[in-house]
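Containing CSV, C-alpha atoms: coords.csv.
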```
chain,number,residue,atom,x,y,z
A,7,MET,CA,0.0,0.0,0.0
A,8,LYS,CA,1.3,3.4,-0.9
A,9,SER,CA,-0.3,6.7,0.3
A,10,LEU,CA,-0.4,9.8,-1.8
A,11,MET,CA,1.3,13.0,-0.6
A,12,LEU,CA,0.3,16.3,-2.3
A,13,LEU,CA,3.2,18.7,-2.5
A,14,SER,CA,3.7,22.2,-4.0
A,15,THR,CA,6.5,24.6,-4.6
A,16,GLU,CA,4.4,27.5,-3.3
A,17,PRO,CA,1.7,28.0,-0.7
A,18,TYR,CA,-2.0,28.4,-1.5
A,19,SER,CA,-1.8,26.0,-4.5
A,20,GLY,CA,-5.0,24.2,-3.7
A,21,LYS,CA,-3.6,21.2,-1.8
A,22,THR,CA,-6.1,21.2,1.0
A,23,GLY,CA,-9.2,21.2,-1.2
A,24,LEU,CA,-7.7,18.5,-3.4
A,25,SER,CA,-6.6,16.4,-0.4
A,26,VAL,CA,-10.0,16.4,1.3
A,27,ASN,CA,-11.8,15.8,-2.0
A,28,LEU,CA,-9.5,12.9,-2.9
A,29,VAL,CA,-10.3,11.3,0.5
A,30,LEU,CA,-14.0,11.6,-0.4
A,31,GLU,CA,-13.4,10.2,-3.9
A,32,PHE,CA,-11.5,7.1,-2.6
A,33,ARG,CA,-14.2,6.6,0.0
A,34,SER,CA,-16.9,6.7,-2.8
A,35,ARG,CA,-15.0,3.9,-4.5
A,36,GLY,CA,-15.3,1.7,-1.5
A,37,HIS,CA,-11.9,2.4,0.1
A,38,THR,CA,-11.3,3.3,3.8
A,39,ALA,CA,-9.3,6.5,3.2
A,40,GLY,CA,-8.0,9.0,5.7
A,41,TYR,CA,-6.2,12.4,5.9
A,42,PHE,CA,-2.8,13.2,7.5
A,43,LYS,CA,-0.7,16.4,7.4
A,44,PRO,CA,2.8,15.5,8.8
A,45,VAL,CA,4.1,19.1,9.2
A,46,GLY,CA,1.7,22.0,9.7
A,47,ASN,CA,2.4,25.5,8.6
A,48,LEU,CA,-0.8,27.3,9.6
A,49,PRO,CA,-0.7,27.5,13.5
A,50,THR,CA,-4.1,27.9,15.2
A,51,ARG,CA,-5.5,27.2,18.6
A,52,ILE,CA,-8.7,25.2,19.2
A,53,ASP,CA,-9.6,25.4,22.8
A,54,SER,CA,-6.5,24.2,24.5
A,55,THR,CA,-5.1,22.4,21.4
A,56,PHE,CA,-2.3,24.0,19.4
A,57,THR,CA,-2.7,22.7,15.8
A,58,ASP,CA,-2.9,23.4,12.1
A,59,ALA,CA,-5.8,25.2,10.4
A,60,ASP,CA,-5.8,22.8,7.5
A,61,ALA,CA,-6.0,19.8,9.8
A,62,VAL,CA,-8.9,21.4,11.7
A,63,PHE,CA,-10.8,21.9,8.4
A,64,ALA,CA,-10.1,18.4,7.2
A,65,LYS,CA,-11.2,16.8,10.5
A,66,LYS,CA,-14.6,18.6,10.3
A,67,ALA,CA,-15.1,18.1,6.5
A,68,LEU,CA,-14.2,14.4,6.6
A,69,ASP,CA,-15.8,13.6,10.0
A,70,LEU,CA,-12.4,12.2,11.2
A,71,THR,CA,-12.3,10.6,14.7
A,72,GLU,CA,-8.5,11.0,15.2
A,73,PRO,CA,-7.4,13.8,17.6
A,74,LEU,CA,-5.8,16.8,15.9
A,75,ASP,CA,-2.3,16.1,17.4
A,76,ARG,CA,-2.4,12.8,15.4
A,77,LEU,CA,-3.7,14.3,12.2
A,78,CYS,CA,-0.9,16.9,12.3
A,79,PRO,CA,1.8,15.9,14.8
A,80,HIS,CA,4.1,18.9,14.3
A,81,ILE,CA,3.5,22.6,13.8
A,82,LEU,CA,6.1,25.0,12.4
A,83,THR,CA,6.4,28.2,14.4
A,84,SER,CA,9.0,31.0,14.4
A,85,GLY,CA,9.5,30.5,18.1
A,86,GLU,CA,10.4,26.8,17.8
A,87,SER,CA,12.6,27.6,14.8
A,88,ARG,CA,14.6,30.1,16.9
A,89,ARG,CA,15.1,27.5,19.6
A,90,ARG,CA,16.2,25.0,17.0
A,91,LEU,CA,18.7,27.3,15.5
A,92,LYS,CA,20.1,28.3,18.9
A,93,ASP,CA,20.0,25.1,21.0
A,94,GLY,CA,18.8,22.3,18.8
A,95,ALA,CA,15.6,20.5,19.5
A,96,GLU,CA,14.0,17.0,19.7
A,97,ASP,CA,14.0,14.8,16.6
A,98,ILE,CA,10.4,15.2,15.3
A,99,VAL,CA,10.6,12.4,12.7
A,100,PRO,CA,9.8,9.6,15.2
A,101,LYS,CA,6.6,11.3,16.4
A,102,ILE,CA,5.5,11.9,12.8
A,103,LYS,CA,6.0,8.2,12.1
A,104,ILE,CA,4.1,7.2,15.2
A,105,ALA,CA,1.2,9.5,14.4
A,106,TYR,CA,1.1,8.3,10.8
A,107,ASP,CA,1.0,4.6,11.8
A,108,SER,CA,-1.8,5.4,14.3
A,109,VAL,CA,-3.9,7.3,11.7
A,110,LEU,CA,-3.2,4.6,9.0
A,111,ASN,CA,-4.4,1.8,11.2
A,112,GLY,CA,-7.5,0.1,9.7
A,113,LYS,CA,-7.4,2.1,6.5
A,114,ASP,CA,-6.6,1.3,2.9
A,115,LEU,CA,-4.6,4.4,2.3
A,116,LEU,CA,-4.0,8.0,3.5
A,117,ILE,CA,-3.9,11.2,1.6
A,118,LEU,CA,-1.1,13.3,3.0
A,119,GLU,CA,-1.1,17.0,2.7
A,120,GLY,CA,2.3,18.6,2.4
A,121,SER,CA,3.2,21.9,4.1
A,122,GLY,CA,3.1,25.2,2.2
A,123,HIS,CA,6.3,24.6,0.4
A,124,MET,CA,8.0,21.2,-0.2
A,125,ASN,CA,11.1,22.5,1.5
A,126,ASP,CA,9.3,23.2,4.8
A,127,GLY,CA,10.6,21.1,7.6
A,128,ARG,CA,14.2,20.8,6.3
A,129,LEU,CA,15.5,22.4,9.6
A,130,TYR,CA,14.0,19.5,11.5
A,131,GLY,CA,14.9,16.7,9.1
A,132,ALA,CA,11.2,16.4,8.1
A,133,MET,CA,11.2,17.9,4.6
A,134,ALA,CA,8.7,16.4,2.1
A,135,VAL,CA,11.4,14.5,0.2
A,136,ASP,CA,12.4,12.8,3.5
A,137,LEU,CA,8.8,12.0,4.6
A,138,VAL,CA,7.8,10.5,1.2
A,139,GLY,CA,10.4,7.7,1.7
A,140,LEU,CA,9.7,7.4,5.5
A,141,LEU,CA,6.0,7.0,5.0
A,142,ASP,CA,6.1,4.8,1.9
A,143,ALA,CA,4.2,7.4,-0.1
A,144,ARG,CA,4.1,8.5,-3.6
A,145,ALA,CA,4.1,12.3,-4.3
A,146,VAL,CA,1.8,14.3,-6.5
A,147,LEU,CA,3.0,17.8,-7.3
A,148,VAL,CA,0.3,20.4,-7.3
A,149,VAL,CA,1.4,23.3,-9.5
A,150,LYS,CA,-0.5,26.6,-9.3
A,151,LEU,CA,0.0,28.0,-12.8
A,152,ASP,CA,1.4,31.5,-13.3
A,153,ASN,CA,3.6,31.1,-16.3
A,154,PRO,CA,3.3,27.7,-18.1
A,155,TYR,CA,6.9,27.8,-19.2
A,156,GLU,CA,8.5,28.7,-15.9
A,157,ILE,CA,6.8,26.0,-13.9
A,158,VAL,CA,8.6,23.3,-16.0
A,159,ASP,CA,11.8,24.0,-14.0
A,160,ASP,CA,9.9,23.5,-10.7
A,161,VAL,CA,8.5,20.2,-11.9
A,162,LEU,CA,11.9,19.0,-13.1
A,163,VAL,CA,13.7,20.0,-9.9
A,164,ALA,CA,11.0,18.2,-7.8
A,165,SER,CA,11.4,15.1,-10.0
A,166,ASP,CA,15.2,15.2,-9.5
A,167,ARG,CA,14.7,15.3,-5.7
A,168,LEU,CA,11.9,12.8,-5.5
A,169,GLY,CA,13.0,10.4,-8.2
A,170,GLY,CA,10.6,7.5,-8.7
A,171,ALA,CA,8.4,8.6,-5.8
A,172,LEU,CA,6.9,11.4,-7.9
A,173,ALA,CA,3.7,9.9,-9.4
A,174,GLY,CA,2.9,13.0,-11.5
A,175,VAL,CA,1.6,16.5,-11.6
A,176,ILE,CA,-1.7,18.3,-11.2
A,177,PHE,CA,-1.9,21.7,-13.0
A,178,ASN,CA,-4.1,24.0,-10.9
A,179,TRP,CA,-5.5,27.5,-11.6
A,180,VAL,CA,-5.1,27.2,-15.4
A,181,ASN,CA,-6.2,30.2,-17.5
A,182,ALA,CA,-8.0,29.4,-20.8
A,183,ASN,CA,-5.1,30.9,-22.8
A,184,GLN,CA,-2.6,28.6,-21.0
A,185,ARG,CA,-4.4,25.3,-21.6
A,186,GLU,CA,-3.1,24.9,-25.2
A,187,VAL,CA,0.5,25.4,-24.0
A,188,ILE,CA,0.1,22.7,-21.3
A,189,GLU,CA,-1.7,20.2,-23.6
A,190,GLU,CA,0.6,20.6,-26.6
A,191,LEU,CA,4.0,21.4,-25.1
A,192,VAL,CA,4.4,21.0,-21.3
A,193,ALA,CA,2.5,17.8,-20.6
A,194,PRO,CA,4.1,15.9,-23.6
A,195,PHE,CA,7.5,17.1,-22.6
A,196,LEU,CA,7.0,15.9,-19.0
A,197,ALA,CA,5.7,12.6,-20.2
A,198,ARG,CA,8.9,12.1,-22.1
A,199,GLN,CA,10.8,12.6,-18.8
A,200,GLY,CA,8.6,10.0,-17.2
A,201,ILE,CA,6.4,12.5,-15.3
A,202,ALA,CA,2.6,11.9,-15.7
A,203,SER,CA,0.0,14.6,-15.8
A,204,PHE,CA,-3.2,14.0,-14.0
A,205,GLY,CA,-5.1,16.9,-15.5
A,206,MET,CA,-5.7,20.7,-15.5
A,207,ILE,CA,-8.1,22.5,-13.2
A,208,PRO,CA,-9.3,25.9,-14.6
A,209,ARG,CA,-9.0,29.1,-12.8
A,210,ASP,CA,-12.0,29.9,-10.7
A,211,GLU,CA,-12.2,33.4,-9.1
A,212,SER,CA,-14.9,32.4,-6.7
A,213,LEU,CA,-12.5,30.2,-4.8
A,214,LEU,CA,-10.4,33.3,-4.0
A,215,ALA,CA,-13.3,35.0,-2.2
A,216,ILE,CA,-14.0,35.0,1.5
A,217,SER,CA,-17.2,36.0,3.3
A,218,VAL,CA,-17.7,39.4,5.0
A,219,ASP,CA,-18.0,37.5,8.3
A,220,SER,CA,-14.7,35.8,7.8
A,221,LEU,CA,-12.9,39.0,6.9
A,222,THR,CA,-14.5,40.7,10.0
A,223,LYS,CA,-13.3,38.0,12.3
A,224,ALA,CA,-9.8,38.0,10.8
A,225,LEU,CA,-9.5,41.7,11.3
A,226,GLY,CA,-11.0,41.7,14.8
A,227,GLY,CA,-13.7,44.1,13.6
A,228,ARG,CA,-17.2,45.0,14.6
A,229,VAL,CA,-20.1,45.2,12.2
A,230,LEU,CA,-22.0,48.4,12.5
A,231,CYS,CA,-24.8,47.8,10.0
A,232,ALA,CA,-26.2,45.3,7.5
A,233,GLU,CA,-25.3,42.3,9.7
A,234,ASN,CA,-27.5,40.0,7.6
A,235,HIS,CA,-25.1,40.4,4.7
A,236,GLY,CA,-22.2,38.7,6.5
A,237,SER,CA,-22.3,35.7,4.1
A,238,ASP,CA,-21.7,37.9,1.1
A,239,SER,CA,-18.5,37.2,-0.9
A,240,VAL,CA,-15.5,39.5,-0.9
A,241,GLU,CA,-13.4,38.8,-4.1
A,242,THR,CA,-10.9,41.6,-3.9
A,243,PHE,CA,-10.1,44.8,-2.0
A,244,MET,CA,-9.3,48.4,-2.7
A,245,VAL,CA,-7.8,51.2,-0.6
A,246,GLY,CA,-9.5,54.6,-0.4
A,247,ALA,CA,-7.0,57.4,0.1
A,248,MET,CA,-7.9,59.9,-2.5
A,249,GLY,CA,-10.5,62.6,-3.1
A,250,GLN,CA,-14.2,61.7,-3.7
A,251,GLU,CA,-14.2,62.3,-7.4
A,252,GLN,CA,-11.1,60.2,-8.0
A,253,ALA,CA,-12.3,57.6,-5.6
A,254,LEU,CA,-15.6,57.1,-7.5
A,255,ARG,CA,-13.8,56.5,-10.8
A,256,PHE,CA,-11.3,54.2,-9.0
A,257,PHE,CA,-13.9,52.1,-7.2
A,258,ARG,CA,-15.9,51.5,-10.4
A,259,ARG,CA,-13.1,49.3,-11.7
A,260,LYS,CA,-13.9,46.4,-9.4
A,261,SER,CA,-17.0,44.7,-8.0
A,262,HIS,CA,-17.6,42.5,-4.9
A,263,LYS,CA,-14.8,44.4,-3.1
A,264,ALA,CA,-13.9,45.4,0.4
A,265,VAL,CA,-13.0,49.1,0.5
A,266,ILE,CA,-10.5,49.9,3.2
A,267,THR,CA,-10.3,53.5,4.3
A,268,GLY,CA,-10.1,55.7,7.4
A,269,GLY,CA,-13.2,56.0,9.5
A,270,ASP,CA,-12.9,59.8,9.2
A,271,ARG,CA,-13.1,59.7,5.4
A,272,ALA,CA,-16.9,60.1,4.8
A,273,ASP,CA,-16.3,61.3,1.3
A,274,VAL,CA,-14.4,58.2,0.3
A,275,GLN,CA,-17.0,56.0,2.1
A,276,LEU,CA,-19.8,57.6,0.2
A,277,ALA,CA,-18.0,57.1,-3.1
A,278,ALA,CA,-17.5,53.4,-2.4
A,279,LEU,CA,-21.2,53.0,-1.6
A,280,GLU,CA,-22.1,54.3,-5.0
A,281,THR,CA,-20.3,51.3,-6.6
A,282,ASN,CA,-20.5,47.5,-6.3
A,283,THR,CA,-19.0,47.2,-2.8
A,284,ALA,CA,-19.3,44.1,-0.6
A,285,CYS,CA,-18.3,45.9,2.6
A,286,LEU,CA,-16.5,48.9,4.0
A,287,VAL,CA,-13.6,48.4,6.4
A,288,LEU,CA,-13.1,51.6,8.4
A,289,THR,CA,-9.7,51.9,10.2
A,290,GLY,CA,-8.5,53.9,13.2
A,291,ASN,CA,-11.6,53.0,15.3
A,292,TYR,CA,-13.4,56.2,14.0
A,293,MET,CA,-17.2,55.9,14.0
A,294,PRO,CA,-18.6,57.1,10.7
A,295,PRO,CA,-21.4,59.6,10.4
A,296,ALA,CA,-24.9,58.3,10.8
A,297,THR,CA,-25.7,59.2,7.2
A,298,ILE,CA,-23.0,56.8,6.0
A,299,LEU,CA,-24.5,54.0,8.1
A,300,ALA,CA,-28.0,54.7,6.8
A,301,VAL,CA,-26.9,54.6,3.2
A,302,ALA,CA,-24.9,51.4,3.8
A,303,GLU,CA,-27.8,49.8,5.5
A,304,SER,CA,-30.2,50.7,2.7
A,305,LYS,CA,-27.8,49.2,0.1
A,306,GLY,CA,-27.0,46.0,2.2
A,307,VAL,CA,-23.3,46.9,2.6
A,308,PRO,CA,-21.8,45.9,6.0
A,309,VAL,CA,-19.6,48.6,7.6
A,310,VAL,CA,-16.8,47.0,9.6
A,311,LEU,CA,-15.0,49.1,12.3
A,312,VAL,CA,-11.5,48.0,13.1
A,313,ASP,CA,-9.0,49.2,15.7
A,314,MET,CA,-5.9,49.3,13.5
A,315,ASP,CA,-4.3,51.6,11.0
A,316,THR,CA,-5.0,51.3,7.3
A,317,LEU,CA,-1.6,49.8,6.4
A,318,THR,CA,-2.1,46.9,8.9
A,319,ALA,CA,-5.7,46.3,7.7
A,320,VAL,CA,-4.4,46.2,4.1
A,321,GLU,CA,-1.7,43.7,5.0
A,322,ARG,CA,-4.0,41.4,6.9
A,323,THR,CA,-6.7,41.6,4.1
A,324,GLU,CA,-4.1,40.9,1.5
A,325,SER,CA,-3.1,37.7,3.3
A,326,LEU,CA,-6.7,36.4,3.1
A,327,ILE,CA,-8.1,37.5,-0.2
A,328,GLY,CA,-6.7,36.3,-3.5
A,329,HIS,CA,-5.2,33.1,-2.2
A,330,LEU,CA,-6.4,29.7,-3.1
A,331,ARG,CA,-7.5,28.5,0.4
A,332,VAL,CA,-10.5,26.1,0.6
A,333,HIS,CA,-11.7,26.3,4.2
A,334,ASP,CA,-15.4,26.2,3.8
A,335,GLU,CA,-17.9,23.6,2.6
A,336,GLU,CA,-19.2,25.5,-0.5
A,337,LYS,CA,-15.7,26.0,-1.8
A,338,LEU,CA,-14.9,22.4,-1.2
A,339,LYS,CA,-18.0,21.3,-3.2
A,340,ALA,CA,-17.0,23.7,-6.0
A,341,MET,CA,-13.5,22.2,-6.1
A,342,ARG,CA,-15.0,18.6,-6.1
A,343,GLN,CA,-17.0,19.4,-9.2
A,344,ARG,CA,-14.0,20.8,-11.0
A,345,MET,CA,-11.8,17.9,-9.9
A,346,ASP,CA,-14.4,15.3,-11.2
A,347,GLU,CA,-14.6,17.2,-14.5
A,348,TYR,CA,-10.9,17.9,-15.2
A,349,LEU,CA,-8.8,15.3,-13.4
A,350,ASP,CA,-8.1,11.8,-14.4
A,351,ILE,CA,-9.1,10.2,-11.1
A,352,ASP,CA,-8.6,6.6,-12.4
A,353,LYS,CA,-5.0,7.5,-13.2
A,354,LEU,CA,-4.6,8.9,-9.7
A,355,CYS,CA,-6.0,5.7,-8.3
A,356,GLU,CA,-3.4,3.7,-10.2
A,357,ALA,CA,-0.7,6.0,-8.8
A,358,ALA,CA,-1.9,5.2,-5.3
A,359,GLY,CA,-1.5,1.5,-5.9
```

Represent the structure contained in this file as structure tokens.
Amino acid sequence: MKSLMLLSTEPYSGKTGLSVNLVLEFRSRGHTAGYFKPVGNLPTRIDSTFTDADAVFAKKALDLTEPLDRLCPHILTSGESRRRLKDGAEDIVPKIKIAYDSVLNGKDLLILEGSGHMNDGRLYGAMAVDLVGLLDARAVLVVKLDNPYEIVDDVLVASDRLGGALAGVIFNWVNANQREVIEELVAPFLARQGIASFGMIPRDESLLAISVDSLTKALGGRVLCAENHGSDSVETFMVGAMGQEQALRFFRRKSHKAVITGGDRADVQLAALETNTACLVLTGNYMPPATILAVAESKGVPVVLVDMDTLTAVERTESLIGHLRVHDEEKLKAMRQRMDEYLDIDKLCEAAG
């Protein structure tokens, strides 16, 4: 039995959604499949448990019974890295193997989710290349497509390092104008190098969006009006730091957006409300005028008040919006549909042995 480990050369490549959906797919084919993330890179705390956000999502989505410290036995943090650099630290590989064997018990196979980058964990001797051999897994490289020519180097380097353990590649986030290059040039070239291609998943902007409620929670904000629109999607964001006339022209360029501006900039807020805006994020903890709240309420646009400066709000929002992170059920279903349509699942099954 060989498990499948999904790896990438950059974070937010779609590994979590693919991992969870592959478990569901194998289960639908009569297999007892499970999920395991050896090294976590998204620290979070659930009650008293320090764990990984991807593992938390997978546990809920797949109704897993294993405790979180088994599903993801080691979490990368800057504090532990500093201790490792200074004084050394315990060997984490044995506890990863113990956790893996425990989760594997009674199952046909596991889908392993790699950390953000396949190099993560090298400091601890637990890089993906090491773990693939230790856990008797085969690797699938998930490539988030930017430039179809440049990613060939990433695939070849991964193949050099993984050798025969690399089962093949999934091309994710493929634009329509890139498909021909992948089909006619890249995939045939990789096939000649002995690297299989399992398919191409098209770009889907809806998977980049987050809800107003999720953005509010991440910013530690407070909703002042239109609370019933918290499930509305935020697909992008814009910063309002100009005059009202310029702001109006600027905000018309994008829809379904969060507009981040100072709470004292009523002119910019009003301009944003005249365009397709998902929510207003007001910084500096300044309460807006009642007229702004009235207009926002009438248009169904939540106004979120945050106690931080505009730059900090922008940086936090940027880390959330525009990244391929599947941490809700609707996105998971959307990715499942696209996976069923565009991936060669039978070929993946063969790769899993």

Step by step: start from the point (-6.9, 49.2, -3.2) in the file's coordinates, keep every protein, DNA or RNA residue that has an atom no farther than 9 Å from it, count all atoms listed in the file, and write the set as a count of residues only.
12

Cut-off 9 Å around (-14.6, 58.6, 1.1) with all atoms listed in the file: residues as a ChimeraX atom specification
/A:246-250,253-254,267-278

Just-selected residues, C-alpha atoms written as a short mmCIF file (atom, residue, chain, number, x, y, z; two decimals), in the coordinates of the input:
```
data_model
loop_
_atom_site.label_atom_id
_atom_site.label_comp_id
_atom_site.auth_asym_id
_atom_site.auth_seq_id
_atom_site.Cartn_x
_atom_site.Cartn_y
_atom_site.Cartn_z
CA GLY A 246 -9.50 54.60 -0.40
CA ALA A 247 -7.00 57.40 0.10
CA MET A 248 -7.90 59.90 -2.50
CA GLY A 249 -10.50 62.60 -3.10
CA GLN A 250 -14.20 61.70 -3.70
CA ALA A 253 -12.30 57.60 -5.60
CA LEU A 254 -15.60 57.10 -7.50
CA THR A 267 -10.30 53.50 4.30
CA GLY A 268 -10.10 55.70 7.40
CA GLY A 269 -13.20 56.00 9.50
CA ASP A 270 -12.90 59.80 9.20
CA ARG A 271 -13.10 59.70 5.40
CA ALA A 272 -16.90 60.10 4.80
CA ASP A 273 -16.30 61.30 1.30
CA VAL A 274 -14.40 58.20 0.30
CA GLN A 275 -17.00 56.00 2.10
CA LEU A 276 -19.80 57.60 0.20
CA ALA A 277 -18.00 57.10 -3.10
CA ALA A 278 -17.50 53.40 -2.40
#
```

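Checking A:Ala193, A:Val148, A:Cys231, A:Ile201 one by one against Val309 (chain A), counting only C-alpha atoms, you find the shortest gap at A:Cys231.
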
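With CA of Tyr41 (chain A) on one side and CA of Gly85 (chain A) on the other, the separation reads 26.9 Å.
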
Quick one: everything within 9 Å of Arg258 (chain A), counting only C-alpha atoms, minus sequence neighbours fewer than 6 positions away in the same chain. Send it as a count of residues only.
4

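Across the structure, CA of Thr57 (chain A) and CA of Lys339 (chain A) are spaced 24.4 Å apart.
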
Distance query Leu230 (chain A) at most 9 Å, all atoms listed in the file, self and fewer than 3 positions along chain excluded, as a PyMOL selection string
chain A and resi 233+299+308-311

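Of the listed residues (A:Leu129, A:Val135, A:Leu279, A:Val45), A:Val45 comes nearest to Tyr106 (chain A); the distances count all atoms listed in the file.
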
How many Å lie between CA of Val158 (chain A) and CA of Ala358 (chain A), rounded to one decimal?
23.5 Å

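Nearest residue to Val26 (chain A) among A:Thr289, A:Asp334, A:Glu321, A:Lys353 is A:Asp334, counting all atoms listed in the file.
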
Quick one: of A:Tyr292, A:Ala202, A:Val163, A:Val29, who's nearest to Asn125 (chain A), counting only C-alpha atoms?
A:Val163

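Checking A:Thr318, A:Ser9, A:Asn291, A:Ser220 one by one against Asp142 (chain A), counting only C-alpha atoms, you find the shortest gap at A:Ser9.
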